[in-house]
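Pasting protein.cif here (mmCIF, C-alpha atoms and all ligand atoms):
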```cif
data_entry
#
loop_
_atom_site.label_atom_id
_atom_site.label_comp_id
_atom_site.auth_asym_id
_atom_site.auth_seq_id
_atom_site.Cartn_x
_atom_site.Cartn_y
_atom_site.Cartn_z
CA MET A 692 252.17 130.23 235.12
CA HIS A 693 255.22 130.72 232.89
CA LEU A 694 253.35 131.38 229.67
CA THR A 695 252.48 134.50 227.70
CA ARG A 696 250.36 135.13 224.65
CA ALA A 697 253.64 135.66 222.75
CA ASP A 698 254.36 131.94 223.27
CA PHE A 699 251.50 131.17 220.87
CA PRO A 700 251.05 132.20 217.24
CA ASP A 701 249.41 135.54 216.42
CA GLY A 702 245.66 135.21 216.51
CA PHE A 703 245.68 132.07 218.69
CA LEU A 704 242.45 132.08 220.69
CA PHE A 705 242.01 131.37 224.39
CA GLY A 706 238.70 130.83 226.08
CA VAL A 707 236.45 128.85 228.36
CA ALA A 708 233.70 126.32 227.78
CA THR A 709 230.43 125.40 229.51
CA SER A 710 227.21 123.63 228.56
CA ALA A 711 223.55 124.55 229.02
CA TYR A 712 222.29 121.79 231.33
CA GLN A 713 225.42 121.91 233.48
CA ILE A 714 225.06 125.61 234.38
CA GLU A 715 221.75 127.20 233.38
CA GLY A 716 219.24 125.57 235.69
CA HIS A 717 216.30 123.89 233.98
CA GLY A 718 212.54 123.38 234.16
CA PHE A 719 211.52 127.06 234.03
CA GLY A 720 211.34 129.83 231.46
CA GLY A 721 209.12 127.70 229.23
CA ALA A 722 211.71 124.92 228.75
CA GLY A 723 210.49 121.35 228.31
CA PRO A 724 211.76 118.36 230.33
CA THR A 725 214.84 116.52 229.13
CA HIS A 726 216.01 112.93 229.36
CA TRP A 727 218.61 114.07 231.90
CA ASP A 728 215.79 115.21 234.22
CA THR A 729 214.09 111.84 233.99
CA TRP A 730 217.29 109.84 234.23
CA ALA A 731 218.45 111.84 237.26
CA ALA A 732 215.03 111.34 238.86
CA THR A 733 215.49 107.58 238.68
CA PRO A 734 216.96 106.42 242.00
CA GLY A 735 220.62 105.44 241.87
CA ASN A 736 221.60 107.09 238.59
CA THR A 737 223.35 110.24 239.79
CA ALA A 738 225.43 111.09 242.85
CA ASN A 739 223.09 112.19 245.68
CA ALA A 740 220.21 112.06 243.15
CA GLU A 741 221.42 115.46 241.90
CA ASN A 742 220.08 117.04 238.72
CA GLY A 743 220.42 120.25 236.72
CA ALA A 744 217.26 121.96 238.05
CA VAL A 745 219.24 124.81 239.64
CA ALA A 746 222.85 124.08 238.65
CA CYS A 747 224.69 127.45 238.70
CA ASP A 748 221.49 129.39 238.00
CA HIS A 749 223.32 130.89 235.05
CA TYR A 750 219.99 131.66 233.36
CA HIS A 751 219.35 134.33 235.99
CA ARG A 752 223.01 135.38 236.43
CA LEU A 753 224.00 135.73 232.80
CA ASP A 754 225.58 139.17 233.03
CA GLU A 755 227.62 138.34 236.11
CA ASP A 756 228.99 135.24 234.36
CA LEU A 757 229.76 137.04 231.12
CA ASP A 758 231.62 139.66 233.14
CA LEU A 759 233.73 136.87 234.64
CA ILE A 760 234.61 135.66 231.13
CA ARG A 761 235.51 139.19 230.02
CA ASP A 762 237.63 139.83 233.11
CA LEU A 763 239.49 136.56 232.52
CA GLY A 764 240.66 138.00 229.21
CA ALA A 765 239.03 135.18 227.24
CA ASP A 766 238.74 135.66 223.49
CA VAL A 767 236.11 132.94 223.02
CA TYR A 768 233.18 131.64 225.05
CA ARG A 769 232.06 128.14 224.09
CA PHE A 770 228.47 127.62 225.28
CA SER A 771 225.61 125.38 224.21
CA THR A 772 221.93 125.90 223.52
CA SER A 773 219.44 123.57 225.17
CA TRP A 774 217.19 121.87 222.61
CA ALA A 775 214.34 121.61 225.15
CA ARG A 776 214.63 125.29 226.10
CA VAL A 777 214.24 126.26 222.44
CA LEU A 778 211.73 123.55 221.43
CA PRO A 779 210.07 122.22 224.61
CA GLU A 780 208.68 119.17 222.77
CA GLY A 781 211.78 118.76 220.63
CA ARG A 782 209.78 119.63 217.50
CA GLY A 783 207.04 122.07 216.61
CA ALA A 784 206.28 125.01 218.89
CA VAL A 785 209.17 127.31 219.72
CA ASN A 786 209.65 128.74 223.22
CA PRO A 787 210.27 132.46 222.55
CA ALA A 788 211.73 133.02 226.04
CA GLY A 789 214.36 130.37 225.32
CA LEU A 790 215.50 132.01 222.11
CA ASP A 791 215.44 135.41 223.84
CA PHE A 792 217.84 134.06 226.46
CA TYR A 793 220.35 132.89 223.85
CA ASP A 794 219.93 136.16 221.98
CA ARG A 795 220.91 138.05 225.14
CA LEU A 796 223.82 135.66 225.70
CA VAL A 797 225.24 136.24 222.23
CA ASP A 798 224.77 140.01 222.38
CA GLY A 799 226.29 140.01 225.86
CA CYS A 800 229.40 138.25 224.51
CA LEU A 801 229.73 140.64 221.60
CA ALA A 802 229.28 143.69 223.83
CA ARG A 803 232.20 142.41 225.92
CA GLY A 804 234.45 141.67 222.96
CA ILE A 805 234.07 137.88 223.31
CA LYS A 806 233.53 135.58 220.32
CA PRO A 807 230.47 133.34 220.91
CA LEU A 808 231.18 129.71 219.95
CA LEU A 809 227.94 127.76 219.96
CA THR A 810 227.50 124.01 220.43
CA LEU A 811 224.01 122.97 219.36
CA TYR A 812 223.74 119.80 221.43
CA HIS A 813 225.46 119.04 224.71
CA TRP A 814 223.43 116.04 225.90
CA GLU A 815 220.04 117.16 227.23
CA LEU A 816 217.61 115.61 224.76
CA PRO A 817 213.99 116.80 225.02
CA ALA A 818 212.08 114.09 226.93
CA ALA A 819 209.38 114.07 224.24
CA LEU A 820 211.98 112.86 221.71
CA SER A 821 213.39 110.38 224.18
CA ASP A 822 209.86 108.92 224.41
CA LEU A 823 210.12 108.26 220.68
CA GLY A 824 213.39 106.38 221.03
CA GLY A 825 215.71 109.39 221.04
CA TRP A 826 219.01 108.76 219.30
CA SER A 827 217.94 105.31 218.15
CA ASN A 828 215.02 106.74 216.12
CA ALA A 829 215.90 107.05 212.42
CA ASP A 830 214.19 110.46 212.25
CA ILE A 831 216.41 112.15 214.80
CA PRO A 832 218.94 113.47 212.26
CA HIS A 833 216.11 115.47 210.67
CA TRP A 834 214.68 116.62 214.01
CA PHE A 835 218.16 117.83 214.92
CA ALA A 836 218.66 119.68 211.64
CA ASP A 837 215.28 121.39 212.10
CA TYR A 838 216.25 122.45 215.63
CA ALA A 839 219.63 123.70 214.36
CA ARG A 840 217.82 125.86 211.80
CA VAL A 841 215.51 127.34 214.46
CA VAL A 842 218.46 128.31 216.66
CA MET A 843 220.53 129.69 213.82
CA ASP A 844 217.64 131.66 212.33
CA ARG A 845 217.73 133.62 215.56
CA ILE A 846 221.44 133.88 216.48
CA GLY A 847 223.29 132.57 213.41
CA ASP A 848 223.96 136.12 212.22
CA ARG A 849 226.05 136.83 215.34
CA VAL A 850 227.68 133.64 216.59
CA TRP A 851 231.33 133.48 215.61
CA SER A 852 231.27 129.74 215.02
CA THR A 853 229.01 126.75 215.50
CA ALA A 854 229.67 123.13 216.43
CA THR A 855 227.01 120.49 215.99
CA ILE A 856 227.15 117.87 218.76
CA ASN A 857 229.44 117.60 221.77
CA GLU A 858 231.31 114.29 222.20
CA LEU A 859 229.45 111.87 219.97
CA TRP A 860 230.86 108.87 221.87
CA CYS A 861 229.19 110.05 225.09
CA VAL A 862 225.84 110.59 223.37
CA SER A 863 225.87 107.15 221.78
CA TRP A 864 228.16 104.61 223.48
CA ASN A 865 228.08 106.00 227.00
CA GLY A 866 224.31 106.44 226.99
CA HIS A 867 223.28 103.27 225.12
CA PHE A 868 226.02 100.64 225.63
CA LEU A 869 227.52 101.50 229.01
CA GLY A 870 224.32 102.98 230.43
CA ARG A 871 226.27 105.55 232.43
CA HIS A 872 224.56 108.61 230.97
CA ALA A 873 220.98 109.32 229.97
CA PRO A 874 219.09 107.49 228.60
CA GLY A 875 220.98 104.84 230.59
CA MET A 876 220.41 101.98 228.19
CA ARG A 877 222.40 98.79 227.76
CA ASP A 878 221.26 97.63 224.37
CA ILE A 879 223.46 96.87 221.40
CA ARG A 880 220.83 97.59 218.75
CA ALA A 881 220.09 101.00 220.29
CA THR A 882 223.87 101.58 220.57
CA ALA A 883 224.53 100.82 216.91
CA ARG A 884 221.69 103.04 215.82
CA ALA A 885 222.70 105.88 218.13
CA MET A 886 226.35 105.59 216.96
CA HIS A 887 225.14 106.03 213.38
CA HIS A 888 222.33 108.53 213.92
CA VAL A 889 224.45 110.90 215.98
CA LEU A 890 226.87 111.13 213.05
CA LYS A 891 224.05 111.44 210.53
CA ALA A 892 222.53 114.22 212.68
CA HIS A 893 225.86 116.03 212.54
CA GLY A 894 225.89 115.67 208.74
CA CYS A 895 222.26 116.74 208.32
CA ALA A 896 222.81 119.85 210.45
CA VAL A 897 225.96 120.81 208.54
CA GLN A 898 224.06 120.39 205.28
CA ALA A 899 221.07 122.41 206.54
CA LEU A 900 223.21 125.26 207.89
CA ARG A 901 225.39 125.41 204.78
CA ALA A 902 222.19 125.70 202.73
CA GLU A 903 221.36 128.79 204.80
CA GLY A 904 224.77 130.27 204.02
CA ILE A 905 226.20 129.77 207.51
CA GLY A 906 229.96 129.19 207.70
CA ASN A 907 232.60 128.37 210.29
CA LEU A 908 230.99 125.05 211.20
CA GLY A 909 232.77 122.46 213.29
CA ALA A 910 232.51 119.10 215.03
CA VAL A 911 233.59 118.31 218.59
CA THR A 912 234.96 114.90 219.57
CA ASN A 913 236.39 113.61 222.82
CA LEU A 914 239.57 111.65 222.19
CA ASP A 915 241.67 109.55 224.55
CA TRP A 916 245.32 108.76 223.95
CA VAL A 917 245.23 104.97 224.10
CA MET A 918 248.14 102.87 225.40
CA THR A 919 248.50 99.24 226.42
CA ALA A 920 248.69 98.14 230.05
CA ASP A 921 251.32 95.52 229.17
CA ASP A 922 253.29 94.25 226.17
CA SER A 923 251.07 91.31 225.31
CA ALA A 924 249.48 90.85 221.90
CA GLU A 925 246.13 90.54 223.70
CA ALA A 926 246.54 93.97 225.31
CA ARG A 927 247.49 95.46 221.94
CA ALA A 928 244.40 93.98 220.33
CA ALA A 929 242.20 95.23 223.19
CA ALA A 930 243.69 98.73 222.88
CA GLU A 931 242.99 98.67 219.14
CA ARG A 932 239.34 97.75 219.75
CA TYR A 933 238.94 100.50 222.33
CA GLU A 934 240.60 103.04 220.07
CA ALA A 935 238.41 101.96 217.17
CA ILE A 936 235.24 102.53 219.19
CA PHE A 937 236.31 105.71 220.97
CA ASN A 938 238.38 107.51 218.33
CA HIS A 939 238.22 105.89 214.88
CA TRP A 940 234.46 105.38 214.58
CA PHE A 941 233.75 109.11 214.71
CA LEU A 942 236.87 110.49 213.05
CA GLY A 943 236.80 107.80 210.36
CA ALA A 944 233.18 108.56 209.50
CA MET A 945 233.56 112.34 209.47
CA PHE A 946 236.88 112.51 207.64
CA LYS A 947 237.09 109.29 205.59
CA ALA A 948 233.44 108.33 205.15
CA ARG A 949 234.03 104.88 206.62
CA TYR A 950 233.59 102.90 209.81
CA PRO A 951 236.42 100.78 211.25
CA ALA A 952 236.17 97.02 210.71
CA LEU A 953 236.98 96.41 214.40
CA VAL A 954 233.74 98.12 215.41
CA LEU A 955 231.62 96.73 212.60
CA GLU A 956 232.55 93.28 213.99
CA GLY A 957 230.25 94.01 216.90
CA LEU A 958 227.80 96.58 215.59
CA GLU A 959 227.15 95.83 211.92
CA PRO A 960 224.28 93.37 212.50
CA HIS A 961 222.48 96.09 214.45
CA LEU A 962 223.03 99.09 212.20
CA PRO A 963 220.05 100.47 210.28
CA ASP A 964 219.61 99.16 206.72
CA GLY A 965 221.28 101.32 204.12
CA TRP A 966 223.69 102.97 206.57
CA GLN A 967 226.35 102.98 203.86
CA ASP A 968 224.28 105.49 201.88
CA ASP A 969 224.66 108.07 204.66
CA MET A 970 228.45 108.09 204.79
CA ALA A 971 228.97 110.86 202.20
CA LEU A 972 226.57 113.12 204.11
CA ILE A 973 228.35 112.36 207.39
CA ALA A 974 231.69 113.24 205.80
CA ALA A 975 230.50 116.60 204.45
CA PRO A 976 233.41 119.02 204.97
CA VAL A 977 233.59 121.02 208.20
CA ASP A 978 235.66 124.14 208.79
CA TRP A 979 237.40 122.92 211.93
CA LEU A 980 237.58 120.04 214.38
CA GLY A 981 237.30 120.47 218.14
CA ILE A 982 239.10 118.01 220.40
CA ASN A 983 238.18 117.50 224.05
CA TYR A 984 241.12 115.94 225.83
CA TYR A 985 241.42 115.00 229.50
CA THR A 986 243.51 111.85 229.96
CA ARG A 987 245.05 108.71 228.49
CA LYS A 988 243.66 105.20 228.70
CA LEU A 989 245.68 102.09 229.55
CA MET A 990 243.96 99.08 228.06
CA ALA A 991 244.18 95.36 228.81
CA SER A 992 242.25 92.46 227.33
CA ASP A 993 239.22 91.12 229.10
CA PRO A 994 237.98 87.53 228.99
CA GLY A 995 234.40 88.76 228.50
CA PRO A 996 232.44 89.14 225.25
CA TRP A 997 233.12 91.76 222.54
CA PRO A 998 234.61 94.33 222.81
CA ALA A 999 236.66 92.40 225.41
CA TYR A 1000 238.77 95.19 226.87
CA ARG A 1001 239.11 96.83 230.24
CA ASP A 1002 240.93 99.91 231.33
CA VAL A 1003 243.55 99.61 234.01
CA ALA A 1004 244.50 102.22 236.61
CA GLY A 1005 247.88 103.73 235.79
CA PRO A 1006 250.67 104.92 238.08
CA LEU A 1007 250.38 108.65 237.37
CA GLU A 1008 248.85 111.38 239.49
CA THR A 1009 245.07 111.45 239.07
CA THR A 1010 242.38 114.12 239.26
CA SER A 1011 239.34 113.70 241.52
CA MET A 1012 237.60 111.96 238.58
CA GLY A 1013 240.30 109.29 238.88
CA TRP A 1014 241.75 110.34 235.52
CA GLU A 1015 245.53 110.24 235.09
CA VAL A 1016 247.22 113.54 234.30
CA TYR A 1017 249.03 112.92 231.01
CA PRO A 1018 249.76 116.06 228.99
CA ASP A 1019 251.94 114.15 226.52
CA GLY A 1020 248.74 112.45 225.38
CA LEU A 1021 247.39 115.80 224.22
CA TYR A 1022 250.51 116.37 222.12
CA GLU A 1023 250.26 112.85 220.71
CA ILE A 1024 246.57 113.15 219.94
CA LEU A 1025 247.02 116.46 218.15
CA LYS A 1026 249.85 115.07 216.02
CA TRP A 1027 247.98 111.85 215.29
CA VAL A 1028 244.70 113.52 214.33
CA ALA A 1029 246.38 116.01 212.01
CA GLU A 1030 248.59 113.34 210.40
CA THR A 1031 245.93 110.69 209.92
CA HIS A 1032 242.62 112.49 209.51
CA THR A 1033 242.49 116.25 209.26
CA GLY A 1034 245.68 117.49 207.54
CA ASP A 1035 245.58 121.29 207.29
CA LEU A 1036 242.11 121.63 208.81
CA PRO A 1037 242.16 124.02 211.80
CA LEU A 1038 241.98 122.25 215.15
CA HIS A 1039 240.76 123.69 218.44
CA ILE A 1040 241.02 122.24 221.93
CA THR A 1041 237.37 122.71 222.79
CA GLU A 1042 237.73 121.25 226.32
CA ASN A 1043 240.61 120.53 228.66
CA GLY A 1044 240.78 120.81 232.40
CA MET A 1045 240.63 118.89 235.66
CA SER A 1046 238.36 118.33 238.63
CA GLY A 1047 239.76 118.73 242.11
CA PRO A 1048 238.58 118.71 245.71
CA ASP A 1049 238.60 122.51 245.61
CA LYS A 1050 237.85 124.67 248.63
CA VAL A 1051 236.96 128.30 248.20
CA ASP A 1052 239.74 129.51 250.49
CA GLN A 1053 242.57 127.34 249.12
CA PRO A 1054 244.52 127.91 245.89
CA ASP A 1055 243.90 125.25 243.23
CA THR A 1056 247.60 124.81 242.49
CA ALA A 1057 247.09 121.37 240.92
CA ARG A 1058 244.80 122.93 238.32
CA ILE A 1059 247.36 125.62 237.49
CA ALA A 1060 249.97 122.91 236.92
CA TYR A 1061 247.51 120.85 234.84
CA LEU A 1062 246.60 123.79 232.61
CA GLU A 1063 250.20 124.89 232.17
CA SER A 1064 251.39 121.40 231.22
CA HIS A 1065 248.58 120.93 228.70
CA LEU A 1066 249.06 124.39 227.18
CA THR A 1067 252.75 123.51 226.87
CA ALA A 1068 251.77 120.32 225.04
CA CYS A 1069 249.75 122.50 222.66
CA ARG A 1070 252.82 124.66 222.03
CA ARG A 1071 254.87 121.55 221.19
CA ALA A 1072 252.26 120.39 218.72
CA ILE A 1073 252.10 123.83 217.09
CA ALA A 1074 255.89 123.92 216.83
CA ASP A 1075 255.69 120.55 215.03
CA GLY A 1076 253.29 121.99 212.47
CA VAL A 1077 249.86 121.05 213.88
CA PRO A 1078 247.35 123.74 212.80
CA LEU A 1079 245.98 124.31 216.30
CA LYS A 1080 244.10 127.61 216.49
CA GLY A 1081 242.49 127.79 219.94
CA TYR A 1082 242.32 126.38 223.47
CA TYR A 1083 239.18 126.55 225.62
CA ALA A 1084 239.46 125.45 229.24
CA TRP A 1085 236.80 123.28 230.82
CA SER A 1086 235.21 124.92 232.60
CA LEU A 1087 234.39 128.53 233.38
CA MET A 1088 232.90 127.53 236.72
CA ASP A 1089 232.12 124.51 238.89
CA ASN A 1090 228.97 122.89 237.56
CA TYR A 1091 226.79 119.80 237.29
CA GLU A 1092 229.15 116.96 236.37
CA TRP A 1093 226.35 114.72 235.06
CA ALA A 1094 226.15 111.37 236.89
CA ARG A 1095 228.87 112.56 239.29
CA GLY A 1096 226.72 115.48 240.50
CA TYR A 1097 228.14 118.66 242.03
CA GLU A 1098 231.08 117.20 243.93
CA LYS A 1099 233.45 117.10 240.95
CA ARG A 1100 234.67 120.66 240.54
CA PHE A 1101 236.16 121.56 237.14
CA GLY A 1102 235.77 125.35 237.37
CA LEU A 1103 238.20 128.23 237.15
CA VAL A 1104 235.57 129.90 239.30
CA HIS A 1105 234.35 128.33 242.53
CA VAL A 1106 230.58 128.07 242.91
CA ASP A 1107 228.99 127.71 246.34
CA PHE A 1108 225.99 125.56 245.47
CA GLU A 1109 224.06 126.84 248.52
CA SER A 1110 224.42 130.58 247.98
CA LEU A 1111 225.43 130.32 244.29
CA ALA A 1112 228.20 132.83 244.99
CA ARG A 1113 231.00 132.82 242.42
CA THR A 1114 234.62 133.19 243.56
CA PRO A 1115 237.46 133.15 241.02
CA LYS A 1116 240.08 130.53 241.93
CA ALA A 1117 243.85 130.92 241.75
CA SER A 1118 243.77 129.18 238.34
CA TYR A 1119 241.44 131.91 237.02
CA GLN A 1120 243.87 134.57 238.24
CA ALA A 1121 246.84 132.66 236.78
CA LEU A 1122 245.24 132.56 233.32
CA ALA A 1123 243.91 136.12 233.55
CA SER A 1124 247.41 137.42 234.33
CA TRP A 1125 248.46 136.66 230.74
CA TRP A 1126 245.18 136.19 228.82
CA ARG A 1127 244.32 139.82 229.55
CA GLN A 1128 247.54 141.01 227.88
CA LYS A 1129 246.20 141.21 224.34
CA VAL A 1130 249.05 141.47 221.82
O1 LIG B 1 231.65 117.96 232.10
C1 LIG B 1 232.02 117.23 230.98
C2 LIG B 1 231.47 117.89 229.73
O2 LIG B 1 230.07 118.00 229.77
C3 LIG B 1 231.85 117.09 228.51
N1 LIG B 1 233.25 116.80 228.48
C4 LIG B 1 233.86 116.27 229.66
C5 LIG B 1 233.51 117.14 230.86
C6 LIG B 1 234.18 116.57 232.12
O3 LIG B 1 233.73 115.28 232.37
#
```

Before anything else, please render the file you have as structure tokens.
Amino acid sequence: MHLTRADFPDGFLFGVATSAYQIEGHGFGGAGPTHWDTWAATPGNTANAENGAVACDHYHRLDEDLDLIRDLGADVYRFSTSWARVLPEGRGAVNPAGLDFYDRLVDGCLARGIKPLLTLYHWELPAALSDLGGWSNADIPHWFADYARVVMDRIGDRVWSTATINELWCVSWNGHFLGRHAPGMRDIRATARAMHHVLKAHGCAVQALRAEGIGNLGAVTNLDWVMTADDSAEARAAAERYEAIFNHWFLGAMFKARYPALVLEGLEPHLPDGWQDDMALIAAPVDWLGINYYTRKLMASDPGPWPAYRDVAGPLETTSMGWEVYPDGLYEILKWVAETHTGDLPLHITENGMSGPDKVDQPDTARIAYLESHLTACRRAIADGVPLKGYYAWSLMDNYEWARGYEKRFGLVHVDFESLARTPKASYQALASWWRQKV
């Protein structure tokens, strides 16, 4: 890899990201069931009916994994806490063993000179809250703020930074409109409510944590660079609708206190009464924005009902997820977000990486090229004035890729899901060769 730390501004942070359900293993240590356990247990929902019960068994291999992060030369480790591990019923009684685990994780990072970057919610909702309607229940913003307080009362004095909710689109649209993630619904009223409540939960948690004097709070969105599949006016309109749902809904709410008209066209009749009164809370200032970027989307119009778009396969090289490799989209997204929504607010790439058909004994050269081209896109954006402060690769190690199971390998470290042995890949070595050279 032809990059060095000197190619980035002083103090620029490099790191890796993971999430609780994708690596920890679940259903032991006092943790309660989650809606991902129930959804994965429903025949046909996940590849090979796989779930996160064992995953990478990170819960029992914490020190080995933190050593891997240290030896990579990472400055930051982005991890998430599992709501159901901390509060098995989602509310009420705390599971002390769960908080102890995260306490050890944070201390283990600090002892190794790694900054712990916490995400409070990365998709595994306690099943008890799912029974009550989950993200479509109007009380969930308050349940989430209470949970955030419980976590931060224990580790808030030592985490370097805290994000609220990972990828709000996935929590709301993917889980309630497309039905591709837990809870696997296809219901427009539940979608509209989840789209609003997930943002209100973000706002309530920011408000609750600020009241406790906690700083360095951020939000994490997944953004696609959206292009049209052809030059027609219909394709342009379809791309605008997709972009409004995927990008503008969340950024517009958090940074401009408004929802885009193109989405209200479909969702407004189903939003909870008085939603307008929540917009100031949702737009409460954050200290940074995290962007998860993987690919671009090529959109065409669709004859079907609203939102009447479809994405079209493009001509570029794809990863094993079928996602086109398009580093220019990362540059464009960074420029666009800073110019239109965030201005001088620090930005971080909180996820970026690729899945490949990796074998433990073969170098993952495609991943090295992917990472290098996307880091180069970051450099271009920085040179053009974008206040980008950090880049965290997805992911430390191969893990549970949700509905796609264990076949889709995103890791810098190979995991043998039989023996659970970890083997650093060539991409890990390529990053370590310059990340370890602290300037
Ligand atoms: O694995 C996921 C992660 O949980 C959220 N962002 C995208 C990744 C790759 O699909």

Near-ligand residues for ligand LIG 1 (chain B), threshold 8 Å, all atoms listed in the file, as a ChimeraX atom specification: /A:709-710,713,813-814,857-858,913,983,985,1042,1044-1046,1085-1086,1090-1093,1101

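Nearest to Trp966 (chain A) of all the residues A:Arg927, A:Val777, A:Ala885, A:His1032 is A:Ala885, counting all atoms listed in the file.
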
Which residue, A:Leu1007, A:Leu704, A:Ala819, A:Leu958, has the smallest gap to Asp878 (chain A) when you use only C-alpha atoms?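 Checking each candidate against Asp878 (chain A), we get A:Leu958 as the closest.
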
Taking into account only C-alpha atoms, which residue in the set A:Cys747, A:Ile982, A:Ala1074, A:Ala708 is nearest to Asp1089 (chain A)?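 For Asp1089 (chain A), the nearest of the given residues is A:Cys747.
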
Please return as a ChimeraX atom specification every residue within 12 Å of (234.6, 128.4, 227.7), taking into account all atoms listed in the file and the file's own coordinates. /A:704-711,714,756-757,759-761,763-771,800,805-810,1040-1044,1081-1088,1101-1104

Please produce, as CSV, a per-residue contact table for region 811-857 of chain A versus region 891-894 of chain A (criterion: any atom at most 12 Å away, only C-alpha atoms considered), showing the nearest atom pair and its distance in Å to one decimal, sorted by chain then residue number.
```
residue,atom,partner,partner_atom,distance
A:Leu811,CA,A:His893,CA,9.9
A:Tyr812,CA,A:His893,CA,9.9
A:Gly825,CA,A:Ala892,CA,11.8
A:Trp826,CA,A:Ala892,CA,9.3
A:Ser827,CA,A:Ala892,CA,11.4
A:Asn828,CA,A:Ala892,CA,11.1
A:Ala829,CA,A:Lys891,CA,9.4
A:Asp830,CA,A:Ala892,CA,9.2
A:Ile831,CA,A:Ala892,CA,6.8
A:Pro832,CA,A:Ala892,CA,3.7
A:His833,CA,A:Ala892,CA,6.8
A:Trp834,CA,A:Ala892,CA,8.3
A:Phe835,CA,A:Ala892,CA,6.1
A:Ala836,CA,A:Ala892,CA,6.8
A:Asp837,CA,A:Ala892,CA,10.2
A:Tyr838,CA,A:Ala892,CA,10.8
A:Ala839,CA,A:His893,CA,10.0
A:Thr853,CA,A:His893,CA,11.6
A:Ala854,CA,A:His893,CA,8.9
A:Thr855,CA,A:His893,CA,5.8
A:Ile856,CA,A:His893,CA,6.6
A:Asn857,CA,A:His893,CA,10.0
```

I'd like the neighbourhood of Lys1080 (chain A) as a PDB file with C-alpha atoms, in the coordinates of the input, where a residue qualifies if any of its atoms comes within 8 Å (using only C-alpha atoms), though same-chain residues fewer than 4 positions away should be ignored.
```
ATOM      1  CA  GLY A 702     245.660 135.210 216.510  1.00  0.00           C
ATOM      2  CA  PHE A 703     245.680 132.070 218.690  1.00  0.00           C
ATOM      3  CA  LEU A 704     242.450 132.080 220.690  1.00  0.00           C
ATOM      4  CA  PRO A1037     242.160 124.020 211.800  1.00  0.00           C
ATOM      5  CA  LEU A1038     241.980 122.250 215.150  1.00  0.00           C
ATOM      6  CA  HIS A1039     240.760 123.690 218.440  1.00  0.00           C
TER       7      HIS A1039
END
```

CA of Arg932 (chain A) to CA of Arg1001 (chain A), distance in Å rounded to a single decimal: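 Separation between CA of Arg932 (chain A) and CA of Arg1001 (chain A): 10.5 Å.
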
Between A:Val1028, A:Ile905, A:Ala788, A:Leu989, which residue has the minimum interatomic distance to Glu1015 (chain A), considering only C-alpha atoms?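 That would be A:Leu989, the residue with the smallest distance to Glu1015 (chain A).
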
Best match for closeness to Ala926 (chain A) among A:Asn736, A:Thr1031, A:Pro951, A:Met990, counting all atoms listed in the file: A:Met990

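Among A:Met918, A:Met876, A:Ala1123, A:Ala948, the residue with the shortest atom-to-atom distance to Asp968 (chain A), counting all atoms listed in the file, is A:Ala948.
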